Structures are given as C-alpha cells and as structure tokens.
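Right, one structure below, let's go through it.
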Amino acid sequence: MTNFQVAIDGPASAGKSTIAKILATKLNYVYVDTGAMYRSITLAAKKAGISYNDEQKIRNLLSHTDIRFEPSAPVQRVFLNDVDVTDEIRSTEITNNVSIVAAFADVRSNLVSRQRDIADHNSVIMDGRDIGTTVLPNANVKIFLVASVEERAQRRYKENIAKGITTDLETLKQEIEARDYKDSHRKISPLTQAKDAILVDTTSQNIDQVVSQIANIITSKK
Ligand code: CDP
Ligand code: CDP
C-alpha cells in the first residue's frame, strides 16, 4: 500500500494544527507539525546562547539537534535532544523569532529532508508553510487554510485566556501580521498557495465544520 499525503499550509493561527490533529486521529495517519521543528531549532539556539541572526552557528547546531514527536492526548509532545519542550517552543520569544531562523537555507534543507523521511515511511497529515509547494509537491491532497487576521488574533486571544495568559488583542494581531509578512517574503520557500491547493476560508467556520469539509475533500481523492 502506498502512503497517502495530506498537506495543510496557511498563515499563522488559521487553525492548521487543530484541524490536522483531528483528521490524523480520525484517519490514523501520522501528524507532522513542521512548525514545531522550526520552533525547536530556534529554542536550541536560545539554549546554546546563539543569536537568532547567527546563521553560521545555527547551521552548526543542526547536526546535533534531534527532534522527536511522541503521540500523546490531548497534545503531541515534542522532544529536543530528549527533553520535552512542548510548552517552551510556544513562548512569545520563540514565536517572535522563529521566522528569522526559518529563513536560513541550511535550516530549511535540513528540516525538509527530515519531514520527507517521515512521509516516506507513513501516511501523513503535515502542516506548515511550504508543504504543498516544496516538501510534498505530489501530495494527494493540498489545503491552503486561511482566515481573516482579525479572526485569527481573536482565536489566539481566546486560547490565551483559556490558558490564563493575559494578552492584548491588538499586539497579537500585529505579531501575527509581522510573522506572516516575514514568512511570505523570505527568499526560500515562502508561504504561498500551491497552484493545485484547495483554498479553505475558515473565518466564519467552527472547527467541526472545517474538519468535515476537509474530510470530504480527502474522501473524494482516495
Ligand atoms: O502555529 P503557528 O501558526 O503559530 O506557527 P507554526 O506552524 O508553529 O510555525 C512557526 C514558524 O515556523 C512559522 O511562522 C514559520 O516561520 C516557520 N515555518 C516554516 O517556515 N515552514 C514550515 N513548514 C512551518 C513553519
Ligand atoms: O496551527 P495554526 O497556527 O494554524 O492554528 P491553531 O493553533 O490550530 O489554531 C489557533 C486557534 O484557533 C486555536 O485555539 C483553535 O482552537 C482555534 N480555531 C477556531 O477557533 N476555529 C477554527 N475553525 C480553527 C481553529
């Protein structure tokens, strides 16, 4: 049996990981959170005391940076050199600096080959920014998930409140816009909709509605 590949790309906080996780569980596919991999390298730089702009030193880190996912409900755990960094990689500092590290050519080629390796051995739902365009150009299903920036900031805001974190809605919106800008304007594999990706606008759709829309698309391609 050949492996099935679902690629979900889109801007920050569009709901990619939420939707991908639910679909992966339903279909019994491996969920690959590529953003967590870029975040882990960024955290590795921080732990090593390396500046986020130091491309040379970050490149040298790659060969001794092991990133592993462990399925666990309700969140998949992420391990960086065997240390559980699931929460640490979501800090504001890492979120606001990951786009700098993710723009480096060697970081991208190293992580893309790790991502392809997982897809070679499993049926996957992989989410990120360049999955449909670069990582899995022959994916069976490609989704480009979007929502208005106001809606995305609102969702993050509510998520933070649920975690007991107080944030300012306008600051969240600006941080999301700044990250989207950097991700869409970098030289290598910028965030863009693949020609053959299906655009799904989730602005006025709840999670169940999006899951069922994408599940129907997957069924139709099987
Ligand atoms: O979940 P959220 O939208 O906040 O972001 P993420 O998926 O965790 O990705 C974090 C960052 O990693 C993005 O803003 C990109 O800079 C980078 N990234 C990337 O360059 N390519 C990917 N395939 C995935 C993430
Ligand atoms: O992975 P990405 O950054 O694209 O987004 P996410 O972390 O999956 O979703 C951001 C927030 O939006 C989460 O709190 C989701 O529960 C929420 N969400 C929503 O309210 N409605 C949707 N249709 C999708 C996600």
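Labels for the structure tokens follow display order: chains A, B, ..., residues from 1 in each chain, ligands from 1.
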Self-check item: Residue contacts of Ala197 of chain A (6 Å, only C-alpha atoms) excluding same-chain residues fewer than 4 positions away, as a list in words
Solution: Lys142, Ile143 and Phe144 of chain A
Could you write out that same residue set with N, CA and C atoms as a tab-separated table (two decimals), in the first residue's frame?
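Below you can see result.tsv, which holds the result:
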chain	number	residue	atom	x	y	z
A	142	LYS	N	-3.96	18.85	-1.09
A	142	LYS	CA	-3.30	20.07	-0.61
A	142	LYS	C	-4.37	21.08	-0.22
A	143	ILE	N	-4.27	21.56	1.01
A	143	ILE	CA	-5.23	22.54	1.52
A	143	ILE	C	-4.49	23.82	1.86
A	144	PHE	N	-5.03	24.96	1.48
A	144	PHE	CA	-4.48	26.24	1.93
A	144	PHE	C	-5.53	26.86	2.84
Using only C-alpha atoms and all ligand atoms, what does the table of chain A residues within 7 Å of ligand 2 look like, with each row giving the shortest atom pair and its distance in Å to one decimal, sorted by chain and ascending number, as CSV?
residue,atom,partner,partner_atom_place_in_ligand_line,distance
A:Gly10,CA,ligand 2,4 (O),6.6
A:Pro11,CA,ligand 2,4 (O),6.4
A:Ala12,CA,ligand 2,3 (O),4.5
A:Ser13,CA,ligand 2,3 (O),3.2
A:Ala14,CA,ligand 2,4 (O),3.8
A:Gly15,CA,ligand 2,5 (O),3.3
A:Lys16,CA,ligand 2,4 (O),3.7
A:Ser17,CA,ligand 2,1 (O),3.7
A:Thr18,CA,ligand 2,8 (O),3.6
A:Ile19,CA,ligand 2,8 (O),6.3
A:Arg152,CA,ligand 2,12 (O),6.5
A:Arg155,CA,ligand 2,12 (O),4.5
A:Arg156,CA,ligand 2,11 (C),5.3
A:Lys158,CA,ligand 2,14 (O),6.9
A:Glu159,CA,ligand 2,14 (O),4.7
A:Thr202,CA,ligand 2,23 (N),5.3
A:Gln205,CA,ligand 2,23 (N),5.2
A:Asn206,CA,ligand 2,23 (N),4.1
A:Ile207,CA,ligand 2,23 (N),3.9
A:Val210,CA,ligand 2,23 (N),5.9
Counting only C-alpha atoms and all ligand atoms, what residues are within 7 Å of ligand 1, given as a PDB file with N, CA and C atoms, in the first residue's frame?
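Output file selection-v7.pdb is given in full below:
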ATOM      1  N   PRO A  11      -1.373  30.788   6.796  1.00  0.00           N
ATOM      2  CA  PRO A  11      -0.751  31.756   7.700  1.00  0.00           C
ATOM      3  C   PRO A  11      -0.922  31.353   9.175  1.00  0.00           C
ATOM      4  N   ALA A  12      -0.300  32.134  10.054  1.00  0.00           N
ATOM      5  CA  ALA A  12      -0.314  31.840  11.491  1.00  0.00           C
ATOM      6  C   ALA A  12      -1.736  31.840  12.051  1.00  0.00           C
ATOM      7  N   SER A  13      -2.010  30.866  12.887  1.00  0.00           N
ATOM      8  CA  SER A  13      -3.271  30.769  13.645  1.00  0.00           C
ATOM      9  C   SER A  13      -4.514  30.604  12.779  1.00  0.00           C
ATOM     10  N   ALA A  14      -4.366  30.001  11.623  1.00  0.00           N
ATOM     11  CA  ALA A  14      -5.541  29.752  10.771  1.00  0.00           C
ATOM     12  C   ALA A  14      -6.298  28.510  11.233  1.00  0.00           C
ATOM     13  N   SER A  17      -2.985  23.338  12.838  1.00  0.00           N
ATOM     14  CA  SER A  17      -2.621  22.203  13.692  1.00  0.00           C
ATOM     15  C   SER A  17      -3.854  21.587  14.348  1.00  0.00           C
ATOM     16  N   ASP A  33       3.919  18.173  12.654  1.00  0.00           N
ATOM     17  CA  ASP A  33       3.829  19.608  12.929  1.00  0.00           C
ATOM     18  C   ASP A  33       5.181  20.230  12.566  1.00  0.00           C
ATOM     19  N   THR A  34       5.315  20.671  11.305  1.00  0.00           N
ATOM     20  CA  THR A  34       6.642  21.155  10.874  1.00  0.00           C
ATOM     21  C   THR A  34       7.016  22.464  11.567  1.00  0.00           C
ATOM     22  N   GLY A  35       6.007  23.249  11.966  1.00  0.00           N
ATOM     23  CA  GLY A  35       6.282  24.483  12.704  1.00  0.00           C
ATOM     24  C   GLY A  35       7.017  24.179  14.005  1.00  0.00           C
ATOM     25  N   ALA A  36       6.642  23.057  14.642  1.00  0.00           N
ATOM     26  CA  ALA A  36       7.301  22.674  15.902  1.00  0.00           C
ATOM     27  C   ALA A  36       8.775  22.385  15.659  1.00  0.00           C
ATOM     28  N   TYR A  38      10.744  23.919  13.319  1.00  0.00           N
ATOM     29  CA  TYR A  38      11.428  25.226  13.209  1.00  0.00           C
ATOM     30  C   TYR A  38      11.518  25.890  14.588  1.00  0.00           C
ATOM     31  N   ARG A  39      10.459  25.742  15.370  1.00  0.00           N
ATOM     32  CA  ARG A  39      10.480  26.311  16.732  1.00  0.00           C
ATOM     33  C   ARG A  39      11.564  25.622  17.577  1.00  0.00           C
ATOM     34  N   THR A  95       8.143  32.375  19.445  1.00  0.00           N
ATOM     35  CA  THR A  95       7.171  32.715  18.395  1.00  0.00           C
ATOM     36  C   THR A  95       7.626  33.942  17.608  1.00  0.00           C
ATOM     37  N   VAL A  98      11.121  32.853  15.511  1.00  0.00           N
ATOM     38  CA  VAL A  98      11.238  31.640  14.683  1.00  0.00           C
ATOM     39  C   VAL A  98      11.349  31.960  13.192  1.00  0.00           C
ATOM     40  N   SER A  99      10.691  33.015  12.733  1.00  0.00           N
ATOM     41  CA  SER A  99      10.728  33.328  11.293  1.00  0.00           C
ATOM     42  C   SER A  99      12.125  33.724  10.816  1.00  0.00           C
ATOM     43  N   ALA A 102      13.886  30.336  10.499  1.00  0.00           N
ATOM     44  CA  ALA A 102      13.253  29.535   9.433  1.00  0.00           C
ATOM     45  C   ALA A 102      13.600  30.046   8.037  1.00  0.00           C
ATOM     46  N   ALA A 103      14.194  31.222   7.952  1.00  0.00           N
ATOM     47  CA  ALA A 103      14.548  31.759   6.630  1.00  0.00           C
ATOM     48  C   ALA A 103      15.914  31.267   6.152  1.00  0.00           C
ATOM     49  N   ASP A 127       1.456  19.826   8.446  1.00  0.00           N
ATOM     50  CA  ASP A 127       1.069  21.233   8.318  1.00  0.00           C
ATOM     51  C   ASP A 127       2.278  22.150   8.428  1.00  0.00           C
ATOM     52  N   GLY A 128       2.181  23.294   7.747  1.00  0.00           N
ATOM     53  CA  GLY A 128       3.299  24.231   7.762  1.00  0.00           C
ATOM     54  C   GLY A 128       3.059  25.408   6.841  1.00  0.00           C
ATOM     55  N   ARG A 129       4.119  25.792   6.125  1.00  0.00           N
ATOM     56  CA  ARG A 129       4.031  26.933   5.223  1.00  0.00           C
ATOM     57  C   ARG A 129       4.381  26.550   3.789  1.00  0.00           C
ATOM     58  N   ASP A 130       5.199  25.481   3.630  1.00  0.00           N
ATOM     59  CA  ASP A 130       5.736  25.138   2.306  1.00  0.00           C
ATOM     60  C   ASP A 130       5.519  23.662   1.998  1.00  0.00           C
ATOM     61  N   ILE A 131       4.534  23.044   2.633  1.00  0.00           N
ATOM     62  CA  ILE A 131       4.370  21.590   2.455  1.00  0.00           C
ATOM     63  C   ILE A 131       3.889  21.288   1.029  1.00  0.00           C
ATOM     64  N   ARG A 179       4.761  38.195  11.489  1.00  0.00           N
ATOM     65  CA  ARG A 179       5.262  36.838  11.177  1.00  0.00           C
ATOM     66  C   ARG A 179       4.812  36.420   9.776  1.00  0.00           C
ATOM     67  N   ASP A 180       3.551  36.682   9.447  1.00  0.00           N
ATOM     68  CA  ASP A 180       3.058  36.331   8.098  1.00  0.00           C
ATOM     69  C   ASP A 180       3.872  37.056   7.030  1.00  0.00           C
ATOM     70  N   ASP A 183       7.253  35.391   6.721  1.00  0.00           N
ATOM     71  CA  ASP A 183       7.129  34.056   6.126  1.00  0.00           C
ATOM     72  C   ASP A 183       6.775  34.131   4.635  1.00  0.00           C
TER      73      ASP A 183
END
Exercise. List the neighbours of Lys46 of chain A out to 12 Å using only C-alpha atoms; skip same-chain residues closer than 6 positions along the sequence, and give me the result as an MDAnalysis selection string.
Key: chainID A and resid 39:40 52:54 57:58 61 88:89 91 93:94 97:98 101
Quiz item: Which polymer residues have any atom within 9 Å of an atom of Asn140 of chain A, counting only C-alpha atoms, with same-chain residues fewer than 5 positions away left out, as a ChimeraX atom specification?
Solution: /A:4-7,218,221-222
Quiz item: Out of A:Ala147, A:Met37, A:Ser123, A:Thr166, which residue has the shortest atom-to-atom distance to Phe79 of chain A when counting only C-alpha atoms?
Solution: A:Met37
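Minimum atom-to-atom distances from A:Thr25, A:Asn96, A:Gln115, A:Thr65 to Val83 of chain A were compared using only C-alpha atoms, and the lowest value belongs to A:Thr65.
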Quiz item: Where does DSSP see helix (DSSP H, G or I) in segment 56-205 of chain A, if you list the residues as an MDAnalysis selection string?
Solution: chainID A and resid 56:64 88:90 92:101 105:121 131:135 149:162 169:185
Residues as selected, C-alpha atoms, written as an mmCIF file, in the first residue's frame, can you do that?
data_model
loop_
_atom_site.group_PDB
_atom_site.id
_atom_site.type_symbol
_atom_site.label_atom_id
_atom_site.label_comp_id
_atom_site.auth_asym_id
_atom_site.auth_seq_id
_atom_site.Cartn_x
_atom_site.Cartn_y
_atom_site.Cartn_z
ATOM 1 C CA GLN A 56 26.721 30.096 10.720
ATOM 2 C CA LYS A 57 26.386 28.988 14.360
ATOM 3 C CA ILE A 58 22.773 27.875 13.868
ATOM 4 C CA ARG A 59 23.873 25.807 10.859
ATOM 5 C CA ASN A 60 26.460 24.069 13.065
ATOM 6 C CA LEU A 61 23.754 23.227 15.601
ATOM 7 C CA LEU A 62 21.704 21.213 13.095
ATOM 8 C CA SER A 63 23.816 18.055 13.085
ATOM 9 C CA HIS A 64 23.431 17.587 16.832
ATOM 10 C CA GLU A 88 8.718 26.017 25.788
ATOM 11 C CA ILE A 89 8.625 26.203 21.974
ATOM 12 C CA ARG A 90 5.322 28.133 22.170
ATOM 13 C CA THR A 92 6.353 34.546 22.931
ATOM 14 C CA GLU A 93 10.131 34.855 22.500
ATOM 15 C CA ILE A 94 10.354 31.761 20.290
ATOM 16 C CA THR A 95 7.171 32.715 18.395
ATOM 17 C CA ASN A 96 8.528 36.175 17.622
ATOM 18 C CA ASN A 97 11.955 34.928 16.458
ATOM 19 C CA VAL A 98 11.238 31.640 14.683
ATOM 20 C CA SER A 99 10.728 33.328 11.293
ATOM 21 C CA ILE A 100 14.339 34.605 11.364
ATOM 22 C CA VAL A 101 15.748 31.108 11.879
ATOM 23 C CA ALA A 105 18.740 27.918 3.678
ATOM 24 C CA ASP A 106 20.520 25.175 5.639
ATOM 25 C CA VAL A 107 17.864 25.100 8.347
ATOM 26 C CA ARG A 108 15.198 24.638 5.678
ATOM 27 C CA SER A 109 17.000 21.940 3.702
ATOM 28 C CA ASN A 110 17.846 20.005 6.871
ATOM 29 C CA LEU A 111 14.278 20.054 8.211
ATOM 30 C CA VAL A 112 12.674 19.411 4.818
ATOM 31 C CA SER A 113 14.689 16.206 4.457
ATOM 32 C CA ARG A 114 13.594 15.079 7.952
ATOM 33 C CA GLN A 115 9.970 15.835 7.003
ATOM 34 C CA ARG A 116 10.193 13.898 3.720
ATOM 35 C CA ASP A 117 11.735 10.979 5.541
ATOM 36 C CA ILE A 118 8.679 10.729 7.832
ATOM 37 C CA ALA A 119 6.363 10.915 4.798
ATOM 38 C CA ASP A 120 8.351 8.157 3.062
ATOM 39 C CA HIS A 121 7.522 5.760 5.875
ATOM 40 C CA ILE A 131 4.370 21.590 2.455
ATOM 41 C CA GLY A 132 2.305 21.734 -0.747
ATOM 42 C CA THR A 133 4.861 23.820 -2.640
ATOM 43 C CA THR A 134 8.166 22.252 -1.556
ATOM 44 C CA VAL A 135 8.135 19.417 0.968
ATOM 45 C CA VAL A 149 -6.268 38.378 10.566
ATOM 46 C CA GLU A 150 -8.883 39.789 12.981
ATOM 47 C CA GLU A 151 -10.421 36.326 13.410
ATOM 48 C CA ARG A 152 -7.002 34.693 13.840
ATOM 49 C CA ALA A 153 -5.971 37.213 16.505
ATOM 50 C CA GLN A 154 -9.318 36.652 18.284
ATOM 51 C CA ARG A 155 -8.747 32.889 18.299
ATOM 52 C CA ARG A 156 -5.254 33.258 19.797
ATOM 53 C CA TYR A 157 -6.624 35.739 22.323
ATOM 54 C CA LYS A 158 -9.304 33.278 23.469
ATOM 55 C CA GLU A 159 -6.773 30.464 23.553
ATOM 56 C CA ASN A 160 -4.516 32.571 25.804
ATOM 57 C CA ILE A 161 -7.400 33.433 28.127
ATOM 58 C CA ALA A 162 -8.199 29.720 28.457
ATOM 59 C CA LEU A 169 -5.616 41.747 21.131
ATOM 60 C CA GLU A 170 -4.009 44.494 19.017
ATOM 61 C CA THR A 171 -0.479 43.307 19.940
ATOM 62 C CA LEU A 172 -1.403 39.741 18.984
ATOM 63 C CA LYS A 173 -2.739 40.975 15.646
ATOM 64 C CA GLN A 174 0.466 42.918 14.953
ATOM 65 C CA GLU A 175 2.650 39.921 15.892
ATOM 66 C CA ILE A 176 0.658 37.648 13.571
ATOM 67 C CA GLU A 177 0.910 40.165 10.720
ATOM 68 C CA ALA A 178 4.660 40.614 11.239
ATOM 69 C CA ARG A 179 5.262 36.838 11.177
ATOM 70 C CA ASP A 180 3.058 36.331 8.098
ATOM 71 C CA TYR A 181 4.948 39.114 6.327
ATOM 72 C CA LYS A 182 8.357 37.545 7.070
ATOM 73 C CA ASP A 183 7.129 34.056 6.126
ATOM 74 C CA SER A 184 5.618 35.284 2.839
ATOM 75 C CA HIS A 185 8.588 37.408 1.793
#
Practice problem: as a PyMOL selection string, please: all residues of chain A that backbone DSSP puts in strand (DSSP E or B). | Solution: chain A and resi 5-9+30-33+67-70+77-80+83-84+124-128+141-146+198-201
Quiz prompt | For Phe69 of chain A, the nearest of the candidates A:Ile50, A:Val211, A:Ala139, A:Val85, counting only C-alpha atoms | solution = A:Val85
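If only C-alpha atoms are the atoms counted, then among A:Pro71, A:Gly164, A:Pro190, A:Pro137 the closest residue to Tyr31 of chain A is A:Pro71.
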Exercise. Find the residue from A:Ile8, A:Leu80, A:Ala194, A:Leu136 that sits nearest to Leu23 of chain A; use only C-alpha atoms when measuring.
Key: A:Ile8
